[in-house]
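Below: one structure, written as structure tokens.
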Amino acid sequence: MSDEQMIYEVPENLPLRELKTWLAKNQPATTESAEDVERAYLDTFDWRLFRAGTALEVATRPGGYLLTWRKLGSGEPLIQARMRRVPRFANEFVAPGIRQQLHEILGERSLLPHISVGSRTRSVNLIDDEQKTLVRVELRQDRVVVPNSTRFYKLPDYAYLFRYRGYDAVFRKKRRQLTENGRLQPVSEDPLISALNCLGIQPANYSNKPAFRLDPEQPTHTALKQILDAFRNIMEINIEGLCKDKDPEFLHDYLLALRRTRCLLDRFPSSFPDKGMEIVKQDFEWVENIARPVRNLDIHLGLFEDFGTRVDSDHRGGLKSLQRFLVEQKLKQQRQMRIPMESPRYRRLMDAWQRVLTQSGNGGQYPAAAERPIGQTASEHIWEAYLLTLDNGRAISGESSMDDLLKLYQHSKLLGYQMEIFSSLYPKDKYRPLMAAQKRVQHNLNRLHDLHLQHNALLDYRNRMRQERRTMPISLEAIDLLAADMAEECSKVRADYADRFQWLDRKKTQKRFRTLLADNDSDDRFRT
């Protein structure tokens, strides 16, 4: 038996009443009245907690909620806390320990209720001579509620054992007594997994950056359709969540897939049929223009904890006006985004795009270049993107404008997209150093890009708030201080650019690019 085991099945031939009597007979005990408890299992939409081997359960209690975060299978509690409301995001937990541990798994994902359970619960507390509780045994009769229905599924009867701090040795002894002679059996299946099976739910193995396994000899159009269909699927998975604003990450993942789709359509125009593709590209641009303002506001709202560290305590409170303003703008932009995203035009776009990706390559509708092996096509495009990045990067100096840096940012990002998407075509040991060199530059350019946009956005928000006479002078001063701090940091990040770029531009890296890409192409372009 595992030392961590906390959840046990109560045998069908052992009635709960008899078990309670048996528990009290072997140890002084107090019995609490039976109560009906509503419980819910929470997780992100992509089941990050489940995939981390844990379960987060919330029970409705008088005056609030009891949150239990435990390991799957054994039921060993990781965290148990009472709270007045259930936070949606990890950063909303007050206790730093809980906040940090959950954030490592959840990231920016919100917690959503996936499964509801009605539980008939009885508790038996094993006590000592001083009436101190040594071990609590919670007996549960759970019913899994079928969503939007009056139906339910009955789960096996469970006994949850809870130890109290300072009584570990007593807990282990009492647990041996409780489980001897087969009275209680360790669960063969975690209650959460049993509930999932009852409802036919399979926790998705979802990633916003799918890994592709491409054959270098595949026709280019076949490989690209495989990749683009994965991005289309990500967009379809996230569209409902972004329209209902359940979680900012729905929109983040949606735009990530959309931008990679637009990158491939722009970079590989000769690999798709001519008919209708310009309309598809224009519609995808239309969609991104609709969604981008909401995503920018999500980013700024998510930065307020960081914003507070950038100004002194006297001005920290002045940022609340900015936060309220951004929340109002987000609600407004969200409503404006939802209408076109749920429109017939959007649905026609996605239906047409799916038809393009599922149609066969026969009948001469694809250009001849679409039949070339993807290994050759990808290598040529990565090489072109690399050279373009080098040309623009070498032109950057201390006098270069921010526009020049933003142009380089776009070229480097396109190079990174293609290297990431086509990574399976190349040996990992040779490809990883090149990816690392590109990311070294891209991280610097991403930070420059973000700081520049945030600085300009803050000044724009400041002007709009002042024009609408919705703020006090202290708030305007706080925004000015925040913008000035970002401008200063932007200068520091920019000073680090040359050192990072030289790793991508050095002769050794160029030789590695040539050697690697030449393996997938008989052309001599990589050997010059």
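Ordering of the structure tokens sets the chain letters (A, B, ...), residue numbers begin anew at 1 in every chain, and ligands are numbered from 1 in the order given.
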Who sits within 7 Å of Leu425 in chain A, only C-alpha atoms, same chain under 3 positions skipped, as a VMD selection string: chain A and resid 214 to 216 375 422
Could you write out that same residue set with N, CA and C atoms as a compact mmCIF listing (two decimals), in the first residue's frame?
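Saved result, out.txt, follows:
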```txt
# COMPACT_ATOMS: atom_id res chain seq x y z
N LEU A 214 6.67 15.14 -40.57
CA LEU A 214 6.61 15.27 -42.03
C LEU A 214 7.65 14.38 -42.69
N ASP A 215 7.28 13.85 -43.84
CA ASP A 215 8.19 13.07 -44.68
C ASP A 215 8.80 14.03 -45.70
N PRO A 216 10.12 14.14 -45.78
CA PRO A 216 10.74 15.09 -46.73
C PRO A 216 10.30 14.87 -48.17
N GLY A 375 10.58 18.66 -48.39
CA GLY A 375 11.94 18.88 -47.88
C GLY A 375 12.67 19.94 -48.66
N PHE A 422 8.59 23.29 -39.60
CA PHE A 422 9.23 22.25 -40.41
C PHE A 422 10.37 21.55 -39.69
```
Who sits within 12 Å of Ala291 in chain A, only C-alpha atoms, same chain under 2 positions skipped, as a ChimeraX atom specification: /A:239,242-243,248,250-256,258-259,284-289,293-298,330,333-341
Expected file contents, prior selection, N, CA, C and O atoms, as a compact mmCIF listing (two decimals), in the first residue's frame:
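The result, written out as again15.txt:
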```txt
# COMPACT_ATOMS: atom_id res chain seq x y z
N ILE A 239 -12.83 29.02 -31.01
CA ILE A 239 -13.73 30.09 -31.43
C ILE A 239 -14.85 30.34 -30.42
O ILE A 239 -15.19 31.49 -30.11
N LEU A 242 -13.44 32.17 -27.26
CA LEU A 242 -13.07 33.58 -27.44
C LEU A 242 -14.31 34.44 -27.62
O LEU A 242 -14.34 35.60 -27.18
N CYS A 243 -15.35 33.91 -28.26
CA CYS A 243 -16.58 34.69 -28.42
C CYS A 243 -17.27 34.92 -27.08
O CYS A 243 -17.82 35.99 -26.83
N PRO A 248 -8.79 34.62 -21.70
CA PRO A 248 -8.00 35.32 -22.72
C PRO A 248 -7.16 34.39 -23.59
O PRO A 248 -6.82 34.73 -24.72
N PHE A 250 -8.04 31.66 -25.02
CA PHE A 250 -8.74 31.19 -26.22
C PHE A 250 -8.38 32.07 -27.42
O PHE A 250 -8.09 31.58 -28.51
N LEU A 251 -8.41 33.37 -27.20
CA LEU A 251 -8.07 34.31 -28.28
C LEU A 251 -6.59 34.23 -28.61
O LEU A 251 -6.21 34.31 -29.78
N HIS A 252 -5.75 34.07 -27.58
CA HIS A 252 -4.31 33.96 -27.82
C HIS A 252 -4.00 32.78 -28.74
O HIS A 252 -3.28 32.91 -29.73
N ASP A 253 -4.56 31.61 -28.42
CA ASP A 253 -4.29 30.42 -29.23
C ASP A 253 -4.89 30.53 -30.62
O ASP A 253 -4.31 30.06 -31.61
N TYR A 254 -6.06 31.14 -30.68
CA TYR A 254 -6.71 31.35 -31.98
C TYR A 254 -5.81 32.19 -32.88
O TYR A 254 -5.57 31.85 -34.05
N LEU A 255 -5.33 33.31 -32.36
CA LEU A 255 -4.50 34.21 -33.18
C LEU A 255 -3.17 33.57 -33.52
O LEU A 255 -2.62 33.81 -34.60
N LEU A 256 -2.64 32.75 -32.61
CA LEU A 256 -1.38 32.06 -32.90
C LEU A 256 -1.55 31.18 -34.12
O LEU A 256 -0.70 31.17 -35.03
N LEU A 258 -3.96 31.45 -36.41
CA LEU A 258 -4.31 32.29 -37.56
C LEU A 258 -3.07 32.92 -38.17
O LEU A 258 -2.91 32.95 -39.41
N ARG A 259 -2.17 33.44 -37.35
CA ARG A 259 -0.97 34.10 -37.87
C ARG A 259 -0.03 33.11 -38.54
O ARG A 259 0.61 33.45 -39.53
N PHE A 284 -8.99 36.15 -44.00
CA PHE A 284 -8.18 35.90 -42.81
C PHE A 284 -7.57 37.21 -42.28
O PHE A 284 -7.44 37.40 -41.07
N GLU A 285 -7.20 38.09 -43.18
CA GLU A 285 -6.72 39.40 -42.76
C GLU A 285 -7.83 40.18 -42.05
O GLU A 285 -7.61 40.85 -41.04
N TRP A 286 -9.04 40.09 -42.58
CA TRP A 286 -10.22 40.73 -41.97
C TRP A 286 -10.43 40.21 -40.55
O TRP A 286 -10.66 40.99 -39.61
N VAL A 287 -10.31 38.89 -40.38
CA VAL A 287 -10.51 38.29 -39.06
C VAL A 287 -9.45 38.78 -38.08
O VAL A 287 -9.76 39.14 -36.93
N GLU A 288 -8.20 38.81 -38.51
CA GLU A 288 -7.14 39.24 -37.60
C GLU A 288 -7.32 40.70 -37.19
O GLU A 288 -7.09 41.07 -36.04
N ASN A 289 -7.74 41.54 -38.13
CA ASN A 289 -7.97 42.95 -37.80
C ASN A 289 -9.09 43.11 -36.78
O ASN A 289 -9.08 44.04 -35.97
N PRO A 293 -7.45 44.06 -31.68
CA PRO A 293 -7.66 45.03 -30.60
C PRO A 293 -8.03 44.38 -29.27
O PRO A 293 -7.61 44.85 -28.21
N VAL A 294 -8.83 43.32 -29.30
CA VAL A 294 -9.20 42.64 -28.07
C VAL A 294 -7.98 41.97 -27.45
O VAL A 294 -7.77 42.04 -26.22
N ARG A 295 -7.15 41.34 -28.27
CA ARG A 295 -5.95 40.69 -27.75
C ARG A 295 -5.01 41.71 -27.12
O ARG A 295 -4.42 41.45 -26.06
N ASN A 296 -4.85 42.89 -27.73
CA ASN A 296 -3.99 43.92 -27.16
C ASN A 296 -4.48 44.35 -25.78
O ASN A 296 -3.69 44.56 -24.85
N LEU A 297 -5.79 44.48 -25.65
CA LEU A 297 -6.35 44.87 -24.35
C LEU A 297 -6.17 43.75 -23.32
O LEU A 297 -5.89 44.01 -22.15
N ASP A 298 -6.32 42.50 -23.75
CA ASP A 298 -6.07 41.38 -22.84
C ASP A 298 -4.64 41.43 -22.31
O ASP A 298 -4.39 41.19 -21.12
N LYS A 330 -12.30 46.80 -23.13
CA LYS A 330 -12.31 45.37 -23.46
C LYS A 330 -13.73 44.88 -23.69
O LYS A 330 -14.00 44.14 -24.66
N GLN A 333 -14.90 46.25 -27.07
CA GLN A 333 -14.26 45.60 -28.21
C GLN A 333 -14.69 44.13 -28.31
O GLN A 333 -14.81 43.59 -29.41
N GLN A 334 -14.92 43.50 -27.16
CA GLN A 334 -15.36 42.10 -27.17
C GLN A 334 -16.71 41.98 -27.86
O GLN A 334 -16.93 41.07 -28.68
N ARG A 335 -17.63 42.89 -27.55
CA ARG A 335 -18.95 42.86 -28.20
C ARG A 335 -18.81 43.10 -29.70
O ARG A 335 -19.48 42.45 -30.51
N GLN A 336 -17.93 44.03 -30.06
CA GLN A 336 -17.74 44.32 -31.49
C GLN A 336 -17.10 43.16 -32.23
O GLN A 336 -17.37 42.94 -33.40
N MET A 337 -16.23 42.41 -31.55
CA MET A 337 -15.57 41.27 -32.18
C MET A 337 -16.54 40.10 -32.35
O MET A 337 -16.51 39.39 -33.37
N ARG A 338 -17.40 39.90 -31.37
CA ARG A 338 -18.24 38.71 -31.36
C ARG A 338 -19.20 38.68 -32.55
O ARG A 338 -19.47 37.61 -33.12
N ILE A 339 -19.71 39.84 -32.94
CA ILE A 339 -20.72 39.87 -34.01
C ILE A 339 -20.16 39.29 -35.31
O ILE A 339 -20.74 38.36 -35.89
N PRO A 340 -19.01 39.80 -35.84
CA PRO A 340 -18.50 39.20 -37.08
C PRO A 340 -17.99 37.77 -36.90
O PRO A 340 -18.07 36.96 -37.84
N MET A 341 -17.49 37.44 -35.70
CA MET A 341 -16.98 36.08 -35.49
C MET A 341 -18.11 35.04 -35.48
O MET A 341 -17.86 33.85 -35.69
```
Test item: residues at most 10 Å from Ala378 in chain A, only C-alpha atoms, excluding those fewer than 6 positions along its chain, as a PyMOL selection string: chain A and resi 216+220+268+384+418-419+421-423+425+517+520-521
Give me, as CSV, each residue of range 105-219 of chain A that comes within 12 Å of range 76-87 of chain A, together with its shortest interatomic pair and the distance in Å at one decimal, counting only C-alpha atoms, with rows ordered by chain and rising residue number.
```
residue,atom,partner,partner_atom,distance
A:Arg109,CA,A:Pro87,CA,11.7
A:Ser110,CA,A:Pro87,CA,8.7
A:Leu111,CA,A:Pro87,CA,7.7
A:Leu112,CA,A:Pro87,CA,10.0
A:Pro113,CA,A:Val86,CA,10.6
A:Tyr160,CA,A:Glu76,CA,9.8
A:Leu161,CA,A:Glu76,CA,9.2
A:Phe162,CA,A:Pro77,CA,8.5
A:Arg163,CA,A:Pro77,CA,9.8
A:Tyr164,CA,A:Pro77,CA,11.6
A:Asp190,CA,A:Glu76,CA,11.6
```
Pick from A:Glu4, A:Asp404, A:Glu32, A:Glu9 nearest to Arg70 in chain A, counting only C-alpha atoms: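 Ranking A:Glu4, A:Asp404, A:Glu32, A:Glu9 by distance to Arg70 in chain A, first place goes to A:Glu4.
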Gap from CA of Leu388 in chain A to CA of His411 in chain A - Å, one decimal: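 Answer for the CA of Leu388 in chain A to CA of His411 in chain A separation: 6.9 Å.
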Selection near Ala385 in chain A, 8 Å with only C-alpha atoms, sequence-local residues under 4 positions removed, as a PyMOL selection string: chain A and resi 381+389+411-412+414-415
Residues of range 371-507 of chain A in alpha helix (DSSP H), written as a ChimeraX atom specification: /A:374-394,402-421,428-467,473-495,497-505,507
Would you give me, as CSV, each residue of range 130-218 of chain A having an atom within 12 Å of an atom of range 40-64 of chain A, along with its shortest atom pair and that distance in Å to one decimal, using only C-alpha atoms and sorting by chain and residue number?
```
residue,atom,partner,partner_atom,distance
A:Asp142,CA,A:Ala40,CA,11.4
A:Arg143,CA,A:Ala40,CA,11.4
A:Val144,CA,A:Ala40,CA,9.7
A:Val145,CA,A:Ala40,CA,10.0
A:Asp190,CA,A:Ala55,CA,9.6
A:Pro191,CA,A:Ala55,CA,9.8
A:Leu192,CA,A:Ala55,CA,7.4
A:Ile193,CA,A:Phe50,CA,9.6
A:Ala195,CA,A:Tyr41,CA,9.8
A:Leu196,CA,A:Tyr41,CA,10.3
A:Ile201,CA,A:Trp47,CA,11.2
A:Gln202,CA,A:Trp47,CA,9.7
A:Pro203,CA,A:Trp47,CA,6.0
A:Ala204,CA,A:Asp46,CA,5.9
A:Asn205,CA,A:Asp46,CA,7.0
A:Tyr206,CA,A:Asp46,CA,5.7
A:Ser207,CA,A:Asp46,CA,8.0
A:Asn208,CA,A:Asp46,CA,9.9
```
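Counting only C-alpha atoms and comparing A:Lys439, A:Lys332, A:Arg39, A:Lys492, the residue that lies closest to Ser116 in chain A is A:Arg39.
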